[in-house]
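Colleague: I'd like to ask some things about the structure below.
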Amino acid sequence: MTAPRSRPVALADVVDAARRDFAPDDLGGVLALLATYGVEAHERDPERIRLGVLAIVRGDRAALDKWVDWAKRDWRDVLFAVQRTYGASWEAKFLDGTGP
């Protein structure tokens with residue numbers, strides 16, 4: 001069961017999370033890679049899935065490549081992993097700043 005979100009995830013939330021976890025020199029590449037998710041019609045809820053990927057990888061660039069690829073294959077893998085790691089209310093935690 002998924003906990004209600006405090007508000008929808010916005011692109012600014014994704015950028016803030018990427019800034020928090022990656023070096024400034026890597027930020028452009030990180031955001032460009034994340035932007036590859038959400039292009040295809042089956043890639044649902046792009047900002048939410050991108051934030052989920054960032055929550056999982058926590059600054060690990062190699063893991064980012066892997067998780068974006070997995071998200072592009074099946075976005076549900078990201079939601080399963082992030083909910084298993086941080087709980088059903090993971091979005092609220094990350095959006096209000098109480099997440100890891």
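Order determines the names: the first chain of the structure tokens is A, the second B, and so forth; residues in each chain are numbered 1 upward, and ligands are numbered 1 upward as they are shown.
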Which residues of stretch 6-69 of chain A come within 12 Å of stretch 86-93 of chain A, and for each one, what is the closest pair of atoms and their distance in Å to one decimal, counting only C-alpha atoms, sorted by chain and residue number, as a Markdown table?
Modeller:
```
| residue | atom | partner | partner_atom | distance |
| --- | --- | --- | --- | --- |
| A:Ser6 | CA | A:Ala92 | CA | 5.4 |
| A:Arg7 | CA | A:Ala92 | CA | 7.8 |
| A:Pro8 | CA | A:Glu91 | CA | 8.9 |
| A:Val9 | CA | A:Glu91 | CA | 7.9 |
| A:Ala10 | CA | A:Glu91 | CA | 11.3 |
| A:Asp13 | CA | A:Glu91 | CA | 10.4 |
| A:Val14 | CA | A:Glu91 | CA | 11.4 |
| A:Ala17 | CA | A:Glu91 | CA | 11.9 |
| A:Glu47 | CA | A:Glu91 | CA | 11.1 |
| A:Arg48 | CA | A:Glu91 | CA | 8.1 |
| A:Ile49 | CA | A:Glu91 | CA | 10.3 |
| A:Arg50 | CA | A:Glu91 | CA | 11.4 |
| A:Leu51 | CA | A:Glu91 | CA | 8.3 |
| A:Gly52 | CA | A:Glu91 | CA | 8.0 |
| A:Val53 | CA | A:Glu91 | CA | 11.7 |
| A:Leu54 | CA | A:Glu91 | CA | 11.6 |
| A:Ala55 | CA | A:Tyr86 | CA | 8.8 |
| A:Ile56 | CA | A:Tyr86 | CA | 9.1 |
```
Colleague: Given the selection you just returned, output its residues as a file containing C-alpha atoms, formatted as a short mmCIF file (atom, residue, chain, number, x, y, z; two decimals), in the first residue's frame.
Modeller:
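And here is the file that came out, part.cif:
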```
data_model
loop_
_atom_site.label_atom_id
_atom_site.label_comp_id
_atom_site.auth_asym_id
_atom_site.auth_seq_id
_atom_site.Cartn_x
_atom_site.Cartn_y
_atom_site.Cartn_z
CA SER A 6 2.32 15.42 0.55
CA ARG A 7 2.40 17.03 -2.94
CA PRO A 8 3.37 16.02 -6.46
CA VAL A 9 7.06 15.64 -7.19
CA ALA A 10 8.33 18.55 -9.31
CA ASP A 13 12.73 18.45 -6.37
CA VAL A 14 14.72 16.22 -8.70
CA ALA A 17 18.16 15.96 -4.83
CA GLU A 47 9.70 13.29 -11.81
CA ARG A 48 8.53 10.76 -9.24
CA ILE A 49 10.56 7.93 -10.78
CA ARG A 50 13.62 10.18 -11.22
CA LEU A 51 13.44 11.16 -7.54
CA GLY A 52 13.08 7.49 -6.63
CA VAL A 53 16.19 6.65 -8.62
CA LEU A 54 18.14 9.40 -6.84
CA ALA A 55 16.89 8.15 -3.48
CA ILE A 56 18.15 4.67 -4.26
#
```
Colleague: Please return as a PyMOL selection string: the residues of stretch 2-96 of chain A that backbone DSSP assigns to helix (DSSP H, G or I).
Modeller: chain A and resi 11-21+24-35+46-57+61-73+75-86+90-95
Colleague: Go ahead and dump the residues you just picked, C-alpha atoms, as a short mmCIF file (atom, residue, chain, number, x, y, z; two decimals), in the first residue's frame.
Modeller:
```cif
data_model
loop_
_atom_site.label_atom_id
_atom_site.label_comp_id
_atom_site.auth_asym_id
_atom_site.auth_seq_id
_atom_site.Cartn_x
_atom_site.Cartn_y
_atom_site.Cartn_z
CA LEU A 11 11.38 18.88 -11.53
CA ALA A 12 12.85 21.28 -8.95
CA ASP A 13 12.73 18.45 -6.37
CA VAL A 14 14.72 16.22 -8.70
CA VAL A 15 17.30 18.95 -9.33
CA ASP A 16 17.60 19.66 -5.58
CA ALA A 17 18.16 15.96 -4.83
CA ALA A 18 20.76 15.67 -7.59
CA ARG A 19 22.58 18.77 -6.28
CA ARG A 20 22.58 17.29 -2.79
CA ASP A 21 24.03 13.94 -3.84
CA PRO A 24 28.74 20.14 -9.20
CA ASP A 25 30.93 18.88 -12.07
CA ASP A 26 28.69 15.80 -12.42
CA LEU A 27 25.35 17.59 -12.15
CA GLY A 28 24.81 18.27 -15.87
CA GLY A 29 25.52 14.66 -16.81
CA VAL A 30 23.37 13.34 -13.99
CA LEU A 31 20.41 15.49 -14.99
CA ALA A 32 20.88 14.62 -18.68
CA LEU A 33 20.86 10.91 -17.86
CA LEU A 34 17.78 11.27 -15.66
CA ALA A 35 16.05 13.17 -18.48
CA PRO A 46 8.91 10.98 -14.73
CA GLU A 47 9.70 13.29 -11.81
CA ARG A 48 8.53 10.76 -9.24
CA ILE A 49 10.56 7.93 -10.78
CA ARG A 50 13.62 10.18 -11.22
CA LEU A 51 13.44 11.16 -7.54
CA GLY A 52 13.08 7.49 -6.63
CA VAL A 53 16.19 6.65 -8.62
CA LEU A 54 18.14 9.40 -6.84
CA ALA A 55 16.89 8.15 -3.48
CA ILE A 56 18.15 4.67 -4.26
CA VAL A 57 21.56 5.56 -5.69
CA ARG A 61 27.16 7.44 -10.47
CA ALA A 62 27.60 3.83 -11.60
CA ALA A 63 24.41 2.84 -9.80
CA LEU A 64 22.62 5.78 -11.43
CA ASP A 65 23.35 4.38 -14.89
CA LYS A 66 22.02 0.98 -13.86
CA TRP A 67 18.86 2.28 -12.17
CA VAL A 68 17.91 4.63 -15.00
CA ASP A 69 18.24 1.68 -17.37
CA TRP A 70 16.04 -0.45 -15.09
CA ALA A 71 13.49 2.35 -14.80
CA LYS A 72 13.29 2.56 -18.57
CA ARG A 73 12.56 -1.17 -18.72
CA TRP A 75 9.43 1.83 -13.64
CA ARG A 76 7.80 -0.40 -11.01
CA ASP A 77 11.24 -1.80 -10.11
CA VAL A 78 12.23 1.67 -8.89
CA LEU A 79 9.09 2.11 -6.81
CA PHE A 80 9.48 -1.34 -5.28
CA ALA A 81 13.12 -0.72 -4.33
CA VAL A 82 12.60 2.78 -2.93
CA GLN A 83 9.53 1.74 -0.92
CA ARG A 84 11.34 -1.30 0.43
CA THR A 85 14.29 0.86 1.48
CA TYR A 86 12.52 3.95 2.86
CA TRP A 90 9.31 7.79 1.00
CA GLU A 91 8.14 10.68 -1.18
CA ALA A 92 6.86 12.73 1.73
CA LYS A 93 10.14 12.15 3.57
CA PHE A 94 12.20 13.35 0.62
CA LEU A 95 9.93 16.26 -0.23
#
```
